[in-house]
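For reference, final32.cif is printed below; it contains mmCIF, C-alpha atoms and all ligand atoms.
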```cif
data_coords
loop_
_atom_site.label_atom_id
_atom_site.label_comp_id
_atom_site.auth_asym_id
_atom_site.auth_seq_id
_atom_site.Cartn_x
_atom_site.Cartn_y
_atom_site.Cartn_z
CA MET L 1444 119.82 98.46 90.11
CA LYS L 1445 117.81 95.73 91.82
CA PHE L 1446 118.81 93.01 94.26
CA SER L 1447 117.38 89.52 94.82
CA ARG L 1448 118.32 87.39 97.79
CA PHE L 1449 117.15 85.78 100.98
CA THR L 1450 116.79 88.38 103.69
CA THR L 1451 116.45 87.81 107.42
CA ILE L 1452 113.57 89.11 109.49
CA GLU L 1453 115.08 91.34 112.18
CA GLU L 1454 111.76 92.15 113.80
CA LYS L 1455 108.05 91.52 113.42
CA VAL L 1456 105.55 93.74 115.21
CA HIS L 1457 101.77 93.34 115.18
CA LEU L 1458 100.14 96.79 114.98
CA THR L 1459 96.51 95.66 114.82
CA ASP L 1460 94.70 92.35 114.59
CA LYS L 1461 95.40 92.28 110.82
CA ILE L 1462 98.32 94.64 110.25
CA PHE L 1463 101.92 93.88 111.06
CA VAL L 1464 105.39 95.25 110.30
CA LEU L 1465 108.25 93.17 108.96
CA ARG L 1466 111.74 94.60 109.33
CA LEU L 1467 114.14 92.92 106.93
CA SER L 1468 117.91 93.16 106.95
CA CYS L 1469 118.81 94.24 103.43
CA PRO L 1470 121.47 96.99 103.26
CA GLU L 1471 121.62 96.91 99.44
CA ILE L 1472 117.94 97.81 99.09
CA ALA L 1473 117.79 100.08 102.16
CA SER L 1474 120.60 102.29 100.85
CA ILE L 1475 118.95 103.10 97.50
CA ALA L 1476 115.19 102.75 98.10
CA LYS L 1477 113.05 105.79 97.26
CA PRO L 1478 109.47 106.61 98.35
CA GLY L 1479 106.96 104.87 96.06
CA GLN L 1480 109.17 101.89 95.31
CA PHE L 1481 108.27 98.38 96.38
CA VAL L 1482 109.79 94.95 96.93
CA GLN L 1483 108.54 91.50 95.98
CA LEU L 1484 108.54 88.86 98.72
CA ARG L 1485 108.61 85.18 97.98
CA LEU L 1486 108.29 82.43 100.58
CA ALA L 1487 110.78 79.59 100.56
CA ASN L 1488 109.35 76.08 100.22
CA TYR L 1489 105.77 77.16 99.78
CA GLY L 1490 104.60 74.80 97.06
CA ALA L 1491 101.86 76.28 94.91
CA TYR L 1492 102.47 79.85 96.07
CA LEU L 1493 105.56 80.34 93.96
CA TRP L 1494 104.53 83.79 92.84
CA PRO L 1495 105.99 86.73 94.73
CA ARG L 1496 103.82 89.39 96.35
CA PRO L 1497 104.49 93.16 96.14
CA PHE L 1498 104.78 95.41 99.22
CA SER L 1499 105.63 99.10 99.38
CA ILE L 1500 108.75 100.16 101.22
CA HIS L 1501 107.56 101.98 104.37
CA GLN L 1502 110.96 102.89 105.78
CA ALA L 1503 114.56 102.31 104.72
CA LYS L 1504 117.37 103.11 107.09
CA ASP L 1505 120.39 101.59 108.85
CA GLY L 1506 120.43 98.60 106.48
CA ILE L 1507 116.81 97.66 107.29
CA ILE L 1508 113.67 97.96 105.16
CA SER L 1509 110.31 98.03 106.93
CA LEU L 1510 107.13 96.77 105.28
CA THR L 1511 103.65 97.25 106.76
CA ILE L 1512 101.43 94.41 105.65
CA LYS L 1513 97.73 93.64 105.96
CA ARG L 1514 96.72 89.99 106.26
CA CYS L 1515 94.21 89.31 103.51
CA GLY L 1516 95.06 85.96 101.90
CA ALA L 1517 97.35 82.95 101.75
CA ILE L 1518 100.75 84.64 101.52
CA THR L 1519 100.11 87.56 103.88
CA ASN L 1520 98.72 85.09 106.45
CA ARG L 1521 101.84 83.02 106.10
CA LEU L 1522 104.09 86.09 106.37
CA SER L 1523 102.29 87.14 109.56
CA ARG L 1524 103.33 83.85 111.17
CA LEU L 1525 107.05 84.27 110.39
CA ASP L 1526 109.35 85.53 113.12
CA LYS L 1527 112.72 87.07 113.88
CA GLY L 1528 115.44 84.99 112.23
CA ASP L 1529 113.20 83.55 109.48
CA ASN L 1530 114.07 84.20 105.85
CA VAL L 1531 112.10 85.53 102.91
CA TYR L 1532 113.31 85.91 99.35
CA THR L 1533 113.28 89.64 98.58
CA THR L 1534 113.66 91.44 95.26
CA GLY L 1535 113.90 95.20 94.94
CA PRO L 1536 113.78 98.09 94.93
CA LEU L 1537 111.21 97.89 92.12
CA GLY L 1538 109.07 100.41 90.27
CA ASN L 1539 109.31 104.15 89.84
CA ARG L 1540 109.23 106.70 92.64
CA PHE L 1541 107.24 109.74 93.67
CA ASN L 1542 108.77 112.89 92.14
CA ILE L 1543 110.04 115.34 94.75
CA PRO L 1544 109.09 118.91 93.73
CA SER L 1545 111.94 121.31 92.98
CA GLN L 1546 110.20 124.21 94.76
CA TRP L 1547 108.10 123.97 97.90
CA LYS L 1548 104.38 124.53 97.76
CA PRO L 1549 101.42 122.85 99.50
CA ILE L 1550 101.55 119.08 99.19
CA TYR L 1551 98.58 116.80 99.85
CA LEU L 1552 99.31 113.16 100.67
CA VAL L 1553 96.14 111.06 100.46
CA ALA L 1554 96.28 107.53 101.87
CA GLY L 1555 93.61 104.83 101.95
CA GLY L 1556 94.20 101.78 104.19
CA VAL L 1557 97.55 100.10 103.45
CA GLY L 1558 98.21 102.77 100.83
CA LEU L 1559 99.68 104.71 103.76
CA PRO L 1560 103.22 103.19 103.95
CA PRO L 1561 104.69 104.72 100.75
CA LEU L 1562 103.15 108.13 101.59
CA HIS L 1563 104.57 108.04 105.12
CA PHE L 1564 108.00 107.34 103.55
CA LEU L 1565 107.42 110.24 101.12
CA CYS L 1566 106.36 112.55 103.97
CA GLU L 1567 109.54 111.84 105.95
CA THR L 1568 111.66 112.32 102.80
CA LEU L 1569 110.03 115.67 101.97
CA LEU L 1570 110.73 116.91 105.50
CA LYS L 1571 114.32 115.65 105.33
CA ASN L 1572 114.73 117.53 102.03
CA GLY L 1573 113.63 120.78 103.68
CA CYS L 1574 109.91 120.99 102.90
CA PRO L 1575 108.24 123.03 105.69
CA ALA L 1576 105.93 120.80 107.78
CA GLU L 1577 103.07 123.30 107.46
CA TYR L 1578 103.06 122.77 103.67
CA ILE L 1579 102.25 119.07 104.07
CA HIS L 1580 98.66 117.92 104.54
CA PHE L 1581 98.40 114.21 105.30
CA PHE L 1582 94.90 112.86 104.56
CA SER L 1583 94.46 109.36 105.97
CA GLY L 1584 91.34 107.23 105.47
CA ALA L 1585 90.68 103.95 107.28
CA GLY L 1586 87.73 101.59 107.68
CA CYS L 1587 87.48 101.98 111.47
CA ALA L 1588 89.56 102.87 114.54
CA ASP L 1589 90.79 99.27 114.82
CA ASP L 1590 92.41 99.56 111.35
CA LEU L 1591 94.53 102.58 112.30
CA PHE L 1592 98.30 102.33 112.29
CA ALA L 1593 101.19 104.82 112.12
CA ASP L 1594 98.90 107.79 112.86
CA GLU L 1595 100.86 108.79 115.99
CA GLU L 1596 104.11 108.70 113.99
CA ILE L 1597 102.62 110.93 111.31
CA LYS L 1598 101.21 113.40 113.85
CA SER L 1599 104.63 113.56 115.53
CA LEU L 1600 106.13 114.87 112.27
CA GLY L 1601 104.23 118.12 112.83
CA VAL L 1602 102.38 118.04 109.50
CA ASN L 1603 98.68 118.81 109.09
CA TYR L 1604 96.85 115.55 109.73
CA ILE L 1605 93.31 114.83 108.55
CA LEU L 1606 91.78 111.49 109.54
CA THR L 1607 88.51 109.89 108.46
CA THR L 1608 87.04 106.47 109.14
CA ASP L 1609 84.15 104.95 107.21
CA ASP L 1610 82.18 104.28 110.43
CA GLY L 1611 83.19 107.40 112.38
CA SER L 1612 84.95 105.44 115.16
CA ALA L 1613 88.01 107.76 114.80
CA GLY L 1614 88.42 111.13 113.11
CA VAL L 1615 85.64 112.44 110.89
CA LYS L 1616 83.03 109.98 109.63
CA GLY L 1617 83.12 109.24 105.89
CA PHE L 1618 85.57 108.76 103.07
CA ILE L 1619 88.85 110.69 102.99
CA THR L 1620 87.90 112.07 99.56
CA LYS L 1621 85.33 114.36 101.25
CA PRO L 1622 87.79 116.63 103.18
CA LEU L 1623 90.13 116.47 100.17
CA GLU L 1624 87.34 117.71 97.90
CA GLU L 1625 86.65 120.60 100.31
CA LYS L 1626 90.31 121.66 100.35
CA ILE L 1627 90.67 121.34 96.58
CA ALA L 1628 87.59 123.54 96.08
CA GLU L 1629 89.50 126.43 97.74
CA PHE L 1630 91.93 126.45 94.78
CA ILE L 1631 89.51 126.27 91.87
CA ASN L 1632 89.96 129.95 90.96
CA THR L 1633 93.72 130.04 91.47
CA ASP L 1634 96.50 129.78 88.94
CA ILE L 1635 97.97 126.26 88.47
CA SER L 1636 101.30 127.43 89.97
CA GLN L 1637 99.49 128.19 93.26
CA ARG L 1638 97.73 124.84 93.45
CA PRO L 1639 98.87 121.99 95.72
CA ILE L 1640 100.48 118.82 94.39
CA ILE L 1641 98.57 115.66 95.27
CA TYR L 1642 100.14 112.23 95.84
CA SER L 1643 97.86 109.29 96.63
CA CYS L 1644 97.86 105.57 97.22
CA GLY L 1645 94.99 103.28 98.15
CA PRO L 1646 92.13 101.26 96.69
CA MET L 1647 91.32 101.81 93.00
CA PRO L 1648 87.83 103.37 93.56
CA MET L 1649 89.43 105.95 95.90
CA LEU L 1650 92.13 106.78 93.36
CA LYS L 1651 89.54 107.13 90.61
CA LYS L 1652 87.56 109.60 92.75
CA ILE L 1653 90.75 111.54 93.57
CA ALA L 1654 91.60 111.76 89.85
CA GLU L 1655 88.12 113.24 89.28
CA ILE L 1656 88.32 115.71 92.19
CA CYS L 1657 91.88 116.78 91.29
CA SER L 1658 91.42 117.18 87.54
CA GLY L 1659 93.45 120.25 86.52
CA PHE L 1660 95.87 119.75 89.45
CA GLU L 1661 99.26 118.05 89.45
CA CYS L 1662 98.13 114.71 90.86
CA TYR L 1663 99.93 111.38 91.13
CA VAL L 1664 98.42 108.00 91.97
CA SER L 1665 100.26 104.86 93.06
CA LEU L 1666 98.32 101.83 91.85
CA GLU L 1667 97.95 98.53 93.69
CA GLN L 1668 97.18 96.03 90.95
CA LEU L 1669 97.40 92.25 91.15
CA MET L 1670 100.89 91.33 89.98
CA PRO L 1671 101.04 87.74 88.79
CA CYS L 1672 104.71 87.75 87.74
CA GLY L 1673 106.00 91.10 89.02
CA TRP L 1674 108.77 91.48 86.47
CA GLY L 1675 107.07 92.67 83.31
CA VAL L 1676 106.45 89.48 81.34
CA CYS L 1677 102.78 88.54 81.83
CA ASN L 1678 100.92 91.85 81.34
CA GLY L 1679 98.67 90.78 84.24
CA CYS L 1680 99.13 94.11 86.00
CA ALA L 1681 98.51 96.28 82.92
CA VAL L 1682 96.33 99.39 83.02
CA LYS L 1683 95.12 101.54 80.14
CA VAL L 1684 96.99 104.84 79.77
CA VAL L 1685 96.59 107.82 77.50
CA ASN L 1686 98.99 110.70 76.83
CA ARG L 1687 101.80 109.11 78.85
CA ASN L 1688 104.56 111.72 79.25
CA ASN L 1689 102.49 114.05 77.06
CA SER L 1690 103.38 112.09 73.94
CA ALA L 1691 100.90 110.59 71.50
CA VAL L 1692 101.37 106.99 72.58
CA GLU L 1693 97.85 105.66 72.17
CA ASP L 1694 97.29 103.08 69.48
CA GLU L 1695 94.20 102.91 67.24
CA ARG L 1696 92.09 101.87 70.26
CA GLY L 1697 92.78 105.25 71.88
CA PHE L 1698 94.91 103.89 74.73
CA ARG L 1699 98.06 101.92 75.43
CA LEU L 1700 98.71 99.28 78.08
CA ALA L 1701 101.24 100.14 80.80
CA ARG L 1702 102.52 97.55 83.27
CA VAL L 1703 102.17 98.73 86.85
CA CYS L 1704 105.16 96.58 87.94
CA LYS L 1705 107.48 98.12 85.31
CA GLU L 1706 106.15 101.52 84.23
CA GLY L 1707 104.48 102.17 87.62
CA PRO L 1708 103.30 101.87 90.26
CA MET L 1709 103.17 105.69 90.22
CA PHE L 1710 101.32 107.40 87.36
CA GLU L 1711 99.95 110.85 86.73
CA ALA L 1712 96.23 110.63 87.50
CA SER L 1713 95.43 112.25 84.14
CA GLU L 1714 97.22 109.55 82.13
CA ILE L 1715 95.11 106.66 83.46
CA LEU L 1716 92.03 105.68 81.46
CA TRP L 1717 89.74 105.26 84.49
CA GLU L 1718 86.94 102.73 83.94
C1 LIG W 1801 102.97 98.11 94.22
C2 LIG W 1801 102.16 97.46 95.32
C3 LIG W 1801 102.43 97.77 96.64
C4 LIG W 1801 101.71 97.16 97.66
N1 LIG W 1801 102.01 97.50 98.94
C5 LIG W 1801 101.36 96.90 99.96
C6 LIG W 1801 101.69 97.21 101.31
O1 LIG W 1801 102.57 98.05 101.59
N2 LIG W 1801 101.02 96.57 102.28
C7 LIG W 1801 100.04 95.63 102.02
O2 LIG W 1801 99.46 95.08 102.96
N3 LIG W 1801 99.68 95.34 100.75
C8 LIG W 1801 100.33 95.94 99.72
N4 LIG W 1801 100.01 95.61 98.43
C9 LIG W 1801 98.95 94.60 98.19
C10 LIG W 1801 99.54 93.22 98.40
O3 LIG W 1801 100.45 92.92 97.36
C11 LIG W 1801 98.44 92.14 98.41
O4 LIG W 1801 97.58 92.37 99.48
C12 LIG W 1801 99.05 90.75 98.54
O5 LIG W 1801 99.66 90.42 97.34
C13 LIG W 1801 98.01 89.74 98.89
O6 LIG W 1801 98.62 88.46 98.85
P1 LIG W 1801 97.89 87.20 99.55
O7 LIG W 1801 98.46 85.94 98.94
O8 LIG W 1801 97.92 87.30 101.03
O9 LIG W 1801 96.40 87.36 99.15
P2 LIG W 1801 95.67 86.81 97.85
O10 LIG W 1801 95.07 85.51 98.23
O11 LIG W 1801 96.54 86.86 96.66
O12 LIG W 1801 94.56 87.93 97.73
C14 LIG W 1801 93.67 88.24 98.82
C15 LIG W 1801 92.73 89.35 98.38
O13 LIG W 1801 93.46 90.57 98.12
C16 LIG W 1801 93.30 90.99 96.76
N5 LIG W 1801 94.60 91.40 96.25
C17 LIG W 1801 95.71 90.64 96.14
N6 LIG W 1801 96.73 91.36 95.63
C18 LIG W 1801 96.25 92.60 95.42
C19 LIG W 1801 96.79 93.79 94.88
N7 LIG W 1801 98.04 93.83 94.43
N8 LIG W 1801 95.99 94.88 94.81
C20 LIG W 1801 94.73 94.85 95.22
N9 LIG W 1801 94.14 93.74 95.72
C21 LIG W 1801 94.89 92.63 95.81
C22 LIG W 1801 92.82 89.73 96.02
O14 LIG W 1801 92.01 90.07 94.90
C23 LIG W 1801 92.00 89.03 97.07
O15 LIG W 1801 90.69 89.57 97.18
C24 LIG W 1801 100.69 96.21 97.37
C25 LIG W 1801 100.41 95.90 96.04
C26 LIG W 1801 101.14 96.52 95.03
C27 LIG W 1801 100.86 96.17 93.59
S1 LIG W 1802 102.95 91.49 86.95
FE1 LIG W 1802 103.48 90.48 85.11
S2 LIG W 1802 103.80 92.17 83.80
FE2 LIG W 1802 103.46 93.14 85.69
#
```
Please re-express this file's structure in C-alpha cells.
Amino acid sequence: MKFSRFTTIEEKVHLTDKIFVLRLSCPEIASIAKPGQFVQLRLANYGAYLWPRPFSIHQAKDGIISLTIKRCGAITNRLSRLDKGDNVYTTGPLGNRFNIPSQWKPIYLVAGGVGLPPLHFLCETLLKNGCPAEYIHFFSGAGCADDLFADEEIKSLGVNYILTTDDGSAGVKGFITKPLEEKIAEFINTDISQRPIIYSCGPMPMLKKIAEICSGFECYVSLEQLMPCGWGVCNGCAVKVVNRNNSAVEDERGFRLARVCKEGPMFEASEILWE
C-alpha cells in the first residue's frame, strides 16, 4: 500500500555544509516502511519543478520518517531551505526492499556517499531481528572528511566499520571498493554457503565495480537512477536486466528493460546488464 499527502516537517538538521536531515510526520508510511524503500517528495507551488524527487527512507519510527539529503540541484536546494512546520507532498513507501536473510551469516553493507541512508536503516533492522553485530561489516566511502555523516551512529551499533575517503582526510585513502575487494578475496576458495551476502547503494560506477568484485556471491545493488515520473509510466528510469528471477525474460536483444522506480530500486547485481 502507498500513501500520498502533504506531510509536515517536524525537524530539519544540517549535518554538513551540503547534507541535511528532514524529519517528516507521516505515521502511515513510518509504520510500514522497510529498508531499501523510498519516498517521492514534491514541492507545493514550485512552478516548473512539478516532478517529484526520490529519497531513501533513512529511519522510520514513532510516526516520523527521516530522510538524509544532499543538496545538488534545484529541488534539493529548495528542500534545504524549508523549516519546521513547512509542508511537502510525500508519496510512499515506494519500491522493493532489501531481503533479510533467513539464517545469519556475514553481511557486508557497502555505502557510497548518500547511498548510506538505506543501508543504515537495513543495519538497524538486521540487529533488531537478531543478527549478531560481529556478523555485520559496514563499508562506508565518502569524498572527504567534510562529507561524512552518520558515522558515529553506525559505530555506536557495535558493527565492524570500515571507512575510506577519496582524499584520505578520514579513514583509509581510496575507494571503498578496495577494502571490500580484499575481504572478498578471503572467500574465493570457500563454498557459496560460507560466503557473505553483500548489499550496496551508491553511485553507478561504484555499484558496477562491486558487481564485478562480488561475482559468484549473493550481492544486491540499490540503484539511484534519474526518475522523471517516479510511478512507472515514462520508462525514464529503466535499466537493462538479464535473467531476472532466474527466468528467461530477455527478448531478442538479449535483455529486458526494468523500471528502477517499480521493479527496483534493489536488484541482484548479476541481473543488471552493466555498461
Ligand atoms: C531510489 C532513490 C533513492 C535516492 N535516495 C537519496 C537519498 O537518500 N539522499 C539523497 O541526497 N539523494 C537520493 N537520491 C538522489 C536524489 O533523488 C537526487 O539527488 C535528486 O533527485 C536531485 O534533485 P535536484 O532537483 O536537487 O537536482 P537535479 O537538478 O535534478 O540534479 C542535480 C544533479 O544530480 C543528478 N541526479 C539527479 N537525480 C539523480 C538520481 N536519481 N541519481 C543520480 N543522479 C541524479 C543530476 O544528473 C544532476 O547532475 C535517490 C535517488 C533514487 C532514485
Ligand atoms: S521514473 Fe518514470 S517509469 Fe520510472
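Nearest to ligand LIG 1801 (chain W) of all the residues L:Cys1515, L:Ile1550, L:Val1664, L:Leu1650 is L:Cys1515, counting only C-alpha atoms and all ligand atoms.
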Next item on the list: Tell me, as a list of chain:residue names, which residues lie within 7 Å of Tyr1578 in chain L, counting all atoms listed in the file; anything in the same chain fewer than 3 positions away does not count.
Entry: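 Near neighbours after the sequence-gap exclusion: L:Lys1548, L:Pro1549, L:Ile1550, L:Pro1575.
Across the model, the gap from atom FE1 of ligand LIG 1802 (chain W) to CA of Phe1498 in chain L is 15.0 Å.
Picture a line from atom C24 of ligand LIG 1801 (chain W) to CA of Glu1667 in chain L; it runs 5.1 Å.
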Next item on the list: Would you please work out which residue, of L:Val1531, L:Leu1552, L:Ile1715, L:Leu1484, is nearest to Ile1452 in chain L when using all atoms listed in the file?
Entry: L:Val1531
Next item on the list: For each of L:Ser1713, L:Gln1480, L:Asn1530, L:Asn1678, take the minimum atom-to-atom distance to ligand LIG 1802 (chain W), counting only C-alpha atoms and all ligand atoms, then give the residue where this is smallest.
Entry: L:Asn1678
Check: Taking all atoms listed in the file into account, which residues are within 6 Å of ligand LIG 1802 (chain W), as a list of chain:residue names?
Finding: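 Result of the 6 Å neighbour search around ligand LIG 1802 (chain W): L:Met1670, L:Pro1671, L:Cys1672, L:Gly1673, L:Trp1674, L:Gly1675, L:Val1676, L:Cys1677, L:Asn1678, L:Gly1679, L:Cys1680, L:Arg1702, L:Val1703, L:Cys1704.
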Notebook entry, point to check: From the list L:Leu1623, L:Leu1565, L:Ile1635, L:Ala1681, which residue is nearest Lys1477 in chain L when using only C-alpha atoms?
Noted result: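 Nearest candidate to Lys1477 in chain L out of L:Leu1623, L:Leu1565, L:Ile1635, L:Ala1681: L:Leu1565.
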Item checked: Given 9 Å and only C-alpha atoms and all ligand atoms, residues near ligand LIG 1801 (chain W) as a ChimeraX atom specification -> /L:1462-1463,1479-1483,1492,1494-1501,1510-1522,1537-1538,1556-1561,1645-1647,1665-1671,1673,1680,1703-1704,1707-1709
Checklist line | For CA of Leu1486 in chain L and CA of Lys1705 in chain L, the interatomic separation in Å (one decimal) | finding: 21.9 Å
Starting from the point (115.3, 85.3, 111.7), work out which residues of protein, DNA or RNA have an atom no more than 7 Å away when counting all atoms listed in the file; state them as a tab-separated table (two decimals) with C-alpha atoms, in the coordinates of the input.
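Written output follows (out-v2.tsv):
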```
chain	number	residue	atom	x	y	z
L	1451	THR	CA	116.45	87.81	107.42
L	1452	ILE	CA	113.57	89.11	109.49
L	1453	GLU	CA	115.08	91.34	112.18
L	1526	ASP	CA	109.35	85.53	113.12
L	1527	LYS	CA	112.72	87.07	113.88
L	1528	GLY	CA	115.44	84.99	112.23
L	1529	ASP	CA	113.20	83.55	109.48
L	1530	ASN	CA	114.07	84.20	105.85
```
Note to self: Ranking L:Ile1597, L:Leu1458, L:Leu1525, L:Ile1507 by minimum distance to Ile1475 in chain L and counting all atoms listed in the file, which one comes first?
What the structure shows: L:Ile1507
